[in-house]
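Asks: Sharing upload_6.txt (compact mmCIF, C-alpha atoms and all ligand atoms) below.
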# COMPACT_ATOMS: atom_id res chain seq x y z
CA GLU A 1 109.74 6.51 40.08
CA LYS A 2 109.30 3.57 42.42
CA LYS A 3 112.15 4.81 44.62
CA ALA A 4 110.72 8.34 44.67
CA LEU A 5 107.50 6.87 45.98
CA GLN A 6 109.17 4.54 48.46
CA VAL A 7 110.65 7.46 50.44
CA LEU A 8 107.07 8.58 51.10
CA VAL A 9 106.16 5.43 53.07
CA ASN A 10 106.64 7.15 56.41
CA ALA A 11 105.91 10.70 55.23
CA LYS A 12 102.91 12.75 56.25
CA SER A 13 100.10 13.39 53.78
CA ILE A 14 100.37 17.15 53.95
CA THR A 15 100.00 19.94 51.40
CA THR A 16 102.60 22.65 50.68
CA ASP A 17 100.58 25.00 52.91
CA GLY A 18 100.31 22.62 55.84
CA HIS A 19 96.86 21.05 55.40
CA GLU A 20 96.94 17.41 56.50
CA VAL A 21 94.73 14.58 55.25
CA GLU A 22 94.69 10.85 55.86
CA LEU A 23 95.48 8.30 53.15
CA ALA A 24 94.06 4.91 54.01
CA GLY A 25 93.53 1.55 52.34
CA ASN A 26 90.57 -0.57 51.29
CA ILE A 27 90.81 -4.18 52.39
CA GLY A 28 88.93 -7.45 52.05
CA GLY A 29 90.86 -9.35 54.70
CA LEU A 30 94.07 -9.73 56.70
CA LYS A 31 96.47 -10.05 53.72
CA ASP A 32 95.27 -6.73 52.30
CA ALA A 33 95.73 -5.12 55.73
CA GLU A 34 99.42 -6.08 55.69
CA GLN A 35 99.74 -4.50 52.24
CA VAL A 36 98.19 -1.25 53.48
CA VAL A 37 100.78 -1.03 56.25
CA ALA A 38 103.64 -1.89 53.85
CA ASN A 39 102.49 0.89 51.51
CA GLY A 40 102.43 3.57 54.20
CA GLY A 41 98.68 3.63 54.75
CA GLU A 42 97.56 5.78 57.67
CA GLY A 43 94.70 3.44 58.42
CA VAL A 44 92.05 1.26 56.85
CA GLY A 45 89.19 3.32 55.42
CA LEU A 46 87.09 0.37 54.32
CA PHE A 47 87.13 -3.25 55.41
CA ARG A 48 84.64 -5.01 53.14
CA THR A 49 83.50 -7.75 55.54
CA GLU A 50 81.21 -9.39 52.98
CA PHE A 51 84.18 -11.55 51.87
CA LEU A 52 84.07 -13.31 55.25
CA TYR A 53 80.54 -14.34 54.37
CA MET A 54 80.98 -14.98 50.63
CA ASP A 55 84.09 -17.16 50.95
CA ASN A 56 82.29 -19.47 53.33
CA ASP A 57 79.62 -22.19 53.37
CA HIS A 58 77.86 -20.86 56.45
CA PHE A 59 77.28 -17.54 58.20
CA PRO A 60 80.60 -16.96 60.01
CA THR A 61 80.19 -17.39 63.76
CA GLU A 62 80.91 -14.68 66.32
CA GLU A 63 84.17 -16.44 67.21
CA GLU A 64 85.29 -16.80 63.57
CA GLN A 65 84.61 -13.12 62.92
CA PHE A 66 86.21 -11.99 66.17
CA GLU A 67 89.51 -13.68 65.22
CA VAL A 68 89.67 -11.89 61.86
CA TYR A 69 88.74 -8.43 63.21
CA LYS A 70 91.24 -8.81 66.07
CA ALA A 71 94.05 -9.77 63.66
CA VAL A 72 93.31 -6.81 61.37
CA LEU A 73 93.17 -4.33 64.27
CA GLU A 74 96.47 -5.68 65.64
CA THR A 75 98.10 -5.42 62.21
CA LEU A 76 97.22 -1.72 62.04
CA LYS A 77 98.79 -1.12 65.49
CA GLY A 78 96.39 1.51 66.79
CA LYS A 79 95.78 3.17 63.43
CA LYS A 80 92.13 3.62 62.59
CA VAL A 81 90.28 0.66 61.05
CA VAL A 82 86.89 1.38 59.49
CA VAL A 83 84.94 -1.87 59.34
CA ARG A 84 81.85 -1.89 57.17
CA THR A 85 79.10 -4.16 58.41
CA LEU A 86 77.70 -6.78 56.06
CA ASP A 87 76.99 -5.38 52.60
CA ILE A 88 75.42 -8.33 50.85
CA GLY A 89 72.73 -8.47 48.16
CA GLY A 90 72.66 -6.64 44.86
CA ASP A 91 75.22 -8.61 42.87
CA LYS A 92 76.74 -10.19 46.00
CA LYS A 93 75.02 -13.47 46.86
CA LEU A 94 75.64 -16.28 49.36
CA SER A 95 75.50 -20.01 48.54
CA TYR A 96 73.81 -20.75 51.89
CA PHE A 97 71.19 -18.02 51.96
CA GLU A 98 68.20 -17.54 49.71
CA PHE A 99 67.54 -13.99 48.55
CA PRO A 100 64.04 -12.96 47.45
CA GLU A 101 63.34 -12.68 43.72
CA GLU A 102 63.40 -8.99 42.87
CA MET A 103 63.15 -6.96 39.67
CA ASN A 104 65.99 -4.68 40.78
CA PRO A 105 68.28 -6.32 43.34
CA PHE A 106 70.49 -3.19 43.50
CA LEU A 107 67.42 -1.26 44.67
CA GLY A 108 66.22 -4.05 46.88
CA TYR A 109 66.88 -6.21 49.88
CA ARG A 110 70.56 -5.64 50.61
CA ALA A 111 73.12 -4.36 53.12
CA ILE A 112 71.64 -2.50 56.11
CA ARG A 113 68.12 -3.32 54.90
CA LEU A 114 68.80 -7.03 55.23
CA CYS A 115 70.68 -6.57 58.51
CA LEU A 116 67.85 -4.62 60.15
CA ASP A 117 65.41 -7.30 58.98
CA ARG A 118 67.62 -10.18 60.14
CA LYS A 119 68.87 -8.83 63.45
CA ASP A 120 70.14 -12.28 64.41
CA ILE A 121 72.72 -12.08 61.60
CA PHE A 122 73.53 -8.44 62.39
CA ARG A 123 73.96 -9.01 66.15
CA THR A 124 76.55 -11.73 65.62
CA GLN A 125 78.71 -9.32 63.64
CA LEU A 126 78.24 -6.40 66.04
CA ARG A 127 79.17 -8.58 69.03
CA ALA A 128 82.29 -9.84 67.26
CA LEU A 129 83.28 -6.25 66.44
CA CYS A 130 82.71 -5.03 70.01
CA ARG A 131 84.85 -7.84 71.38
CA ALA A 132 87.67 -7.06 68.92
CA SER A 133 87.51 -3.32 69.65
CA VAL A 134 90.03 -3.49 72.51
CA TYR A 135 92.82 -4.57 70.13
CA GLY A 136 93.07 -1.28 68.21
CA LYS A 137 91.15 1.77 67.01
CA LEU A 138 87.83 0.55 65.63
CA CYS A 139 85.30 2.52 63.60
CA ILE A 140 82.10 0.75 62.58
CA MET A 141 80.28 1.86 59.45
CA PHE A 142 76.84 0.92 58.15
CA PRO A 143 76.36 0.52 54.36
CA MET A 144 73.47 1.77 52.22
CA ILE A 145 71.90 4.06 54.80
CA ALA A 146 68.97 5.96 53.25
CA THR A 147 67.15 7.34 56.30
CA ILE A 148 68.07 8.68 59.71
CA ASN A 149 65.81 6.08 61.30
CA GLU A 150 67.86 3.28 59.73
CA PHE A 151 71.01 4.78 61.20
CA LYS A 152 69.42 5.20 64.63
CA GLU A 153 68.11 1.64 64.61
CA ALA A 154 71.49 0.20 63.62
CA LYS A 155 73.31 2.32 66.19
CA ALA A 156 70.83 1.26 68.92
CA LEU A 157 71.49 -2.37 68.10
CA PHE A 158 75.22 -1.72 68.42
CA GLU A 159 74.65 -0.09 71.84
CA GLU A 160 72.58 -3.12 72.91
CA CYS A 161 75.32 -5.54 71.91
CA LYS A 162 77.91 -3.43 73.71
CA ALA A 163 75.82 -3.31 76.92
CA GLU A 164 75.12 -7.02 76.70
CA LEU A 165 78.82 -7.85 76.46
CA THR A 166 79.70 -5.49 79.28
CA ALA A 167 77.08 -7.24 81.45
CA GLU A 168 78.72 -10.55 80.53
CA GLY A 169 82.00 -9.16 81.82
CA VAL A 170 83.60 -8.80 78.38
CA ALA A 171 85.75 -5.73 77.75
CA VAL A 172 84.59 -3.36 75.00
CA SER A 173 86.43 -0.20 73.96
CA ASP A 174 84.85 3.10 74.97
CA ASN A 175 85.98 5.00 71.89
CA ILE A 176 84.46 3.07 69.00
CA GLU A 177 83.25 5.54 66.39
CA VAL A 178 79.98 4.66 64.67
CA GLY A 179 79.46 6.13 61.22
CA MET A 180 77.88 5.40 57.89
CA MET A 181 78.50 5.22 54.19
CA VAL A 182 77.08 8.00 52.06
CA GLU A 183 76.28 6.17 48.83
CA ILE A 184 72.59 6.95 48.39
CA PRO A 185 71.80 10.48 47.14
CA ALA A 186 69.15 10.94 49.86
CA ALA A 187 71.85 10.65 52.51
CA ALA A 188 74.17 13.09 50.73
CA VAL A 189 71.42 15.70 50.46
CA LEU A 190 70.55 15.35 54.15
CA ALA A 191 74.16 15.08 55.36
CA ASP A 192 73.89 18.04 57.76
CA GLU A 193 71.08 16.21 59.59
CA PHE A 194 72.67 12.73 59.44
CA SER A 195 75.88 14.13 60.93
CA LYS A 196 74.07 15.04 64.14
CA TYR A 197 73.95 11.28 64.78
CA ALA A 198 76.81 9.69 62.85
CA ASP A 199 80.40 10.08 64.10
CA PHE A 200 81.75 10.12 60.54
CA PHE A 201 80.86 9.56 56.89
CA SER A 202 82.60 7.62 54.17
CA ILE A 203 81.44 8.43 50.66
CA GLY A 204 80.91 5.37 48.47
CA THR A 205 81.18 6.86 45.03
CA ASN A 206 80.77 3.54 43.21
CA ASP A 207 77.17 3.36 44.36
CA LEU A 208 76.60 7.11 44.75
CA ILE A 209 77.32 7.61 41.04
CA GLN A 210 75.22 4.59 40.05
CA TYR A 211 72.20 5.83 42.01
CA SER A 212 72.60 9.50 41.08
CA MET A 213 72.91 8.88 37.35
CA ALA A 214 70.46 5.94 37.38
CA ALA A 215 73.05 3.88 35.55
CA ASP A 216 73.85 0.28 36.53
CA ARG A 217 77.53 0.14 37.49
CA MET A 218 77.78 -3.32 35.85
CA SER A 219 76.28 -2.38 32.49
CA GLU A 220 78.69 -1.76 29.59
CA LYS A 221 75.97 -0.05 27.56
CA VAL A 222 75.51 2.75 30.06
CA ALA A 223 79.09 2.90 31.32
CA TYR A 224 79.44 6.36 29.76
CA LEU A 225 77.14 7.65 32.51
CA TYR A 226 79.54 6.55 35.21
CA GLN A 227 80.93 10.07 35.65
CA PRO A 228 82.84 10.84 38.85
CA TYR A 229 83.71 14.29 37.49
CA ASN A 230 80.14 15.26 36.69
CA PRO A 231 79.45 18.51 38.60
CA SER A 232 76.25 16.96 40.00
CA ILE A 233 78.35 14.28 41.70
CA LEU A 234 80.84 16.87 42.90
CA ARG A 235 77.99 18.88 44.42
CA LEU A 236 76.67 15.81 46.27
CA ILE A 237 80.17 15.18 47.60
CA ASN A 238 80.44 18.84 48.58
CA MET A 239 77.09 18.74 50.41
CA THR A 240 78.22 15.66 52.28
CA ILE A 241 81.51 17.21 53.38
CA LYS A 242 80.09 20.61 54.31
CA GLY A 243 77.13 19.00 56.11
CA ALA A 244 79.43 16.85 58.23
CA HIS A 245 81.85 19.66 59.01
CA LYS A 246 78.96 21.79 60.22
CA ASN A 247 78.59 19.27 63.04
CA GLY A 248 82.31 18.75 63.57
CA LYS A 249 82.43 15.31 61.96
CA TRP A 250 85.08 13.93 59.59
CA VAL A 251 84.47 12.67 56.08
CA GLY A 252 86.27 9.98 54.13
CA MET A 253 85.78 8.47 50.71
CA CYS A 254 86.19 4.77 49.96
CA GLY A 255 84.81 4.54 46.43
CA ALA A 256 87.22 4.19 43.48
CA MET A 257 87.16 7.94 42.90
CA ALA A 258 89.27 8.53 46.06
CA GLY A 259 92.34 7.02 44.37
CA GLU A 260 92.02 8.73 41.01
CA PRO A 261 94.96 11.12 40.44
CA TYR A 262 92.77 13.85 38.90
CA ALA A 263 90.08 13.52 41.55
CA VAL A 264 92.46 13.93 44.51
CA PRO A 265 93.05 17.69 43.91
CA ILE A 266 89.31 18.40 43.70
CA LEU A 267 88.43 16.27 46.73
CA LEU A 268 91.23 17.86 48.71
CA GLY A 269 89.89 21.30 47.81
CA LEU A 270 86.37 20.29 48.84
CA GLY A 271 87.76 19.48 52.29
CA LEU A 272 87.71 15.67 52.26
CA ASN A 273 89.54 14.46 55.38
CA GLU A 274 90.35 10.85 54.50
CA PHE A 275 90.96 9.09 51.18
CA SER A 276 90.74 5.30 51.12
CA MET A 277 91.97 3.31 48.13
CA SER A 278 93.73 0.09 47.21
CA ALA A 279 97.11 -0.26 48.93
CA THR A 280 99.06 0.10 45.68
CA GLN A 281 97.58 3.58 45.05
CA ILE A 282 98.48 5.15 48.41
CA LEU A 283 102.03 6.35 47.73
CA LYS A 284 101.13 7.91 44.40
CA ALA A 285 98.26 9.77 46.10
CA ARG A 286 100.65 10.96 48.83
CA GLN A 287 103.05 12.26 46.19
CA ILE A 288 100.20 14.23 44.60
CA VAL A 289 98.95 15.67 47.92
CA THR A 290 102.41 16.83 49.01
CA LYS A 291 102.78 18.87 45.80
CA LEU A 292 99.46 20.71 46.07
CA SER A 293 98.39 23.87 47.87
CA PHE A 294 95.16 23.47 49.84
CA GLU A 295 94.26 27.10 49.33
CA GLU A 296 94.66 26.82 45.56
CA MET A 297 92.71 23.56 45.42
CA GLN A 298 89.81 25.14 47.32
CA ASP A 299 89.58 27.64 44.50
CA VAL A 300 89.92 24.91 41.84
CA ALA A 301 87.18 22.83 43.49
CA ASP A 302 84.91 25.84 43.69
CA LYS A 303 85.25 26.42 39.95
CA CYS A 304 84.54 22.73 39.22
CA LEU A 305 81.26 22.88 41.17
CA ASN A 306 80.05 25.49 38.71
CA MET A 307 80.93 23.78 35.46
CA ASP A 308 78.58 22.12 32.97
CA SER A 309 80.04 18.70 32.33
CA ALA A 310 82.47 16.02 33.45
CA GLU A 311 84.65 16.72 30.38
CA GLU A 312 84.98 20.39 31.29
CA VAL A 313 85.95 19.51 34.86
CA LEU A 314 88.50 16.91 33.81
CA ASP A 315 90.11 19.15 31.17
CA TYR A 316 90.36 21.96 33.70
CA VAL A 317 91.91 19.82 36.46
CA LYS A 318 94.42 18.39 34.00
CA SER A 319 95.43 21.90 32.95
CA VAL A 320 95.89 22.92 36.59
CA VAL A 321 98.00 20.01 37.81
CA GLU A 322 100.18 19.48 34.70
C1 LIG B 1 81.00 2.22 47.01
O1 LIG B 1 79.81 1.99 46.78
O2 LIG B 1 81.62 3.19 46.55
C2 LIG B 1 81.77 1.32 47.89
C3 LIG B 1 82.96 1.66 48.35
O3 LIG B 1 81.22 0.14 48.20
P1 LIG B 1 81.15 -1.10 47.20
O4 LIG B 1 82.02 -0.79 46.01
O5 LIG B 1 81.62 -2.26 48.00
O6 LIG B 1 79.69 -1.14 46.88
MG MG B 2 78.65 0.50 47.87
Show me this structure written as structure tokens.

Replies:
Amino acid sequence: EKKALQVLVNAKSITTDGHEVELAGNIGGLKDAEQVVANGGEGVGLFRTEFLYMDNDHFPTEEEQFEVYKAVLETLKGKKVVVRTLDIGGDKKLSYFEFPEEMNPFLGYRAIRLCLDRKDIFRTQLRALCRASVYGKLCIMFPMIATINEFKEAKALFEECKAELTAEGVAVSDNIEVGMMVEIPAAAVLADEFSKYADFFSIGTNDLIQYSMAADRMSEKVAYLYQPYNPSILRLINMTIKGAHKNGKWVGMCGAMAGEPYAVPILLGLGLNEFSMSATQILKARQIVTKLSFEEMQDVADKCLNMDSAEEVLDYVKSVVE
């Protein structure tokens, strides 16, 4: 089994009828990036930069961040690296920063909301990213975007940082893609409008499911509502993909669902372009993709969208792929 997977390290992620997708890895730092390459990853679909902030006793400086981003981009040797800007708050706290007391931190002051409020913190990261951009293929992604204005404001700040650096005589790549996570239902529903502005989407199912089902992803008592295969979730994913494709933009997924063996056939059929997962899941996912027909999976996905429950979807997919 392990050997059968190992031969796929340098193989393409392509279906029996010639439809190609990208299998990428989720990382928290440089060590993970090396693992993604070793496991045949075609890129990094999510770099969770919050670890740079959490494993520290101060806000990391521009220089400190630049060194890490540069090293990760160099490790991927020109393959795409999607870096998510600071996603802090909710359950993720910092020892050196005081968060406001809130009834519902997951619905509160976090991620892009905090960054747009504290532009000093945000600018430092954007400048570090711009400086690192010349060492590989950088994509920047904003977390927890709920409105088009938030995206525009974040993107404008990025443009400002880029112009500022250029004026200082610092080289910045001209092909940085700027996209966003789709993890709030409002963004999924309005995906066709968002994709006029964003270069790409990455669907964060961990939060998208939590917010769609109104079920805390940390709570054992309501864990039964964490249902990736619920047709309502599949429809939100479908809206996101179709909305983006309407404007010629690509869509990835970096939530845990992207690496689930029974989800891959459905997501493939829905037209997902990039799947990002932990490094150790990549080869298994490639094995699955190479055995499937895109045309057949489009039909399978279509049927799933019109089912009544997660159980029905899962039973059906199992019957198809086994
Ligand atoms: C997600 O929400 O699916 C996601 C990938 O981000 P995180 O798990 O870091 O919230
Ligand atoms: Mg998230």

Asks: Let me make sure I understand: among A:Ile282, A:Ile288, A:Phe200, A:Gln227, which one has the smallest atom-to-atom distance to A:Asn247 if we use all atoms listed in the file?

Replies: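 Under the stated criterion, the closest residue is A:Phe200.
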
Asks: In the coordinate frame of the file, compute which residues have an atom within 8 Å of (80.4, 8.0, 43.0) when using only C-alpha atoms, and state them as a ChimeraX atom specification.

Replies: /A:183,203-210,226-228,233,255-257

Asks: What does the structure give for the distance between atom CA of A:Lys137 and atom CA of A:Ala11, in Å to one decimal?

Replies: 20.9 Å

Asks: So that I can check the surroundings of stretch 164-166 of chain A, please list as a list of chain:residue names every protein, DNA and RNA residue that reaches within 9 Å of it, counting only C-alpha atoms and ignoring chain neighbours fewer than 4 positions away.

Replies: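 Listed by chain and then number, they are A:Arg127, A:Cys130, A:Arg131, A:Glu159, A:Glu160, A:Val170, A:Ala171, A:Val172.
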
Asks: Which residue out of A:Asn238, A:Gln6, A:Leu114, A:Asn39 has the minimum interatomic distance to A:Pro100 when all atoms listed in the file are used?

Replies: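 Ranked by minimum distance to A:Pro100, first place goes to A:Leu114.
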
Asks: Give me the residues near A:Tyr96 as a VMD selection string, where near means some atom within 9 Å (using all atoms listed in the file) and where sequence neighbours in that chain fewer than 6 positions away do not count.

Replies: chain A and resid 56 to 59

Asks: As a VMD selection string, please: every protein or nucleic acid residue near ligand MG 2 (chain B) (cut-off 12 Å, counting only C-alpha atoms and all ligand atoms).

Replies: chain A and resid 46 to 48 50 84 to 92 106 to 107 110 to 112 141 to 145 180 to 184 202 to 211 217 253 to 256

Asks: Kindly provide, as a count of residues only, the polymer residues lying within 9 Å of (75.9, 15.2, 47.9), counting only C-alpha atoms and using the coordinates exactly as they appear in the file.

Replies: 20

Asks: Quick check, in Å to one decimal: how far apart do atom CA of A:Leu292 and atom CA of A:Lys3 lie?

Replies: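 Separating atom CA of A:Leu292 from atom CA of A:Lys3 is a distance of 20.4 Å.
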
Asks: Could you pull the residues within 12 Å of A:Lys303, counting all atoms listed in the file, minus those fewer than 6 positions along the same chain, as number ranges by chain?

Replies: A: 231, 234-235, 266, 269-270, 296-297, 312-314, 316-317, 320

Asks: Kindly give the distance, in Å, that separates atom CA of A:Asn230 and atom CA of A:Glu311, rounded to a single decimal.

Replies: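 Result for atom CA of A:Asn230 versus atom CA of A:Glu311: 7.9 Å, one decimal.
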
Asks: Using only C-alpha atoms and all ligand atoms, which of the listed residues (A:Phe151, A:Phe294, A:Phe201, A:Tyr224) sits closest to ligand LIG 1 (chain B)?

Replies: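 Counting only C-alpha atoms and all ligand atoms, the residue closest to ligand LIG 1 (chain B) is A:Phe201.
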
Asks: Here is a test: counting only C-alpha atoms and all ligand atoms, which residue of A:Val222, A:Gly28, A:Lys12, A:Ala71 is nearest to ligand LIG 1 (chain B)?

Replies: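 Ranking A:Val222, A:Gly28, A:Lys12, A:Ala71 by distance to ligand LIG 1 (chain B), first place goes to A:Gly28.
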
Asks: When you count only C-alpha atoms, which of these residues is closest to A:Ala4: A:Ala38, A:Asp299, A:Gln287, A:Leu305?

Replies: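 Ranked by minimum distance to A:Ala4, first place goes to A:Gln287.
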
Asks: Any idea what's packed within 7 Å of A:Lys249, counting only C-alpha atoms, ignoring anything in its chain fewer than 2 positions away? Could you give it as a list in words?

Replies: Ser195, Asp199, Phe200, Ala244, His245, Asn247 and Val251 of chain A

Asks: Nearest to A:Lys246: which of A:Lys196, A:Ser173, A:Leu116, A:Asp216 is it, counting all atoms listed in the file?

Replies: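 Of A:Lys196, A:Ser173, A:Leu116, A:Asp216, the one nearest A:Lys246, counting all atoms listed in the file, is A:Lys196.
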
Asks: If we count all atoms listed in the file, what is near A:Leu157 at a cut-off of 9 Å, once residues fewer than 4 positions away on the same chain are taken out, given as a ChimeraX atom specification?

Replies: /A:119,122-123,126,152-153,161-162
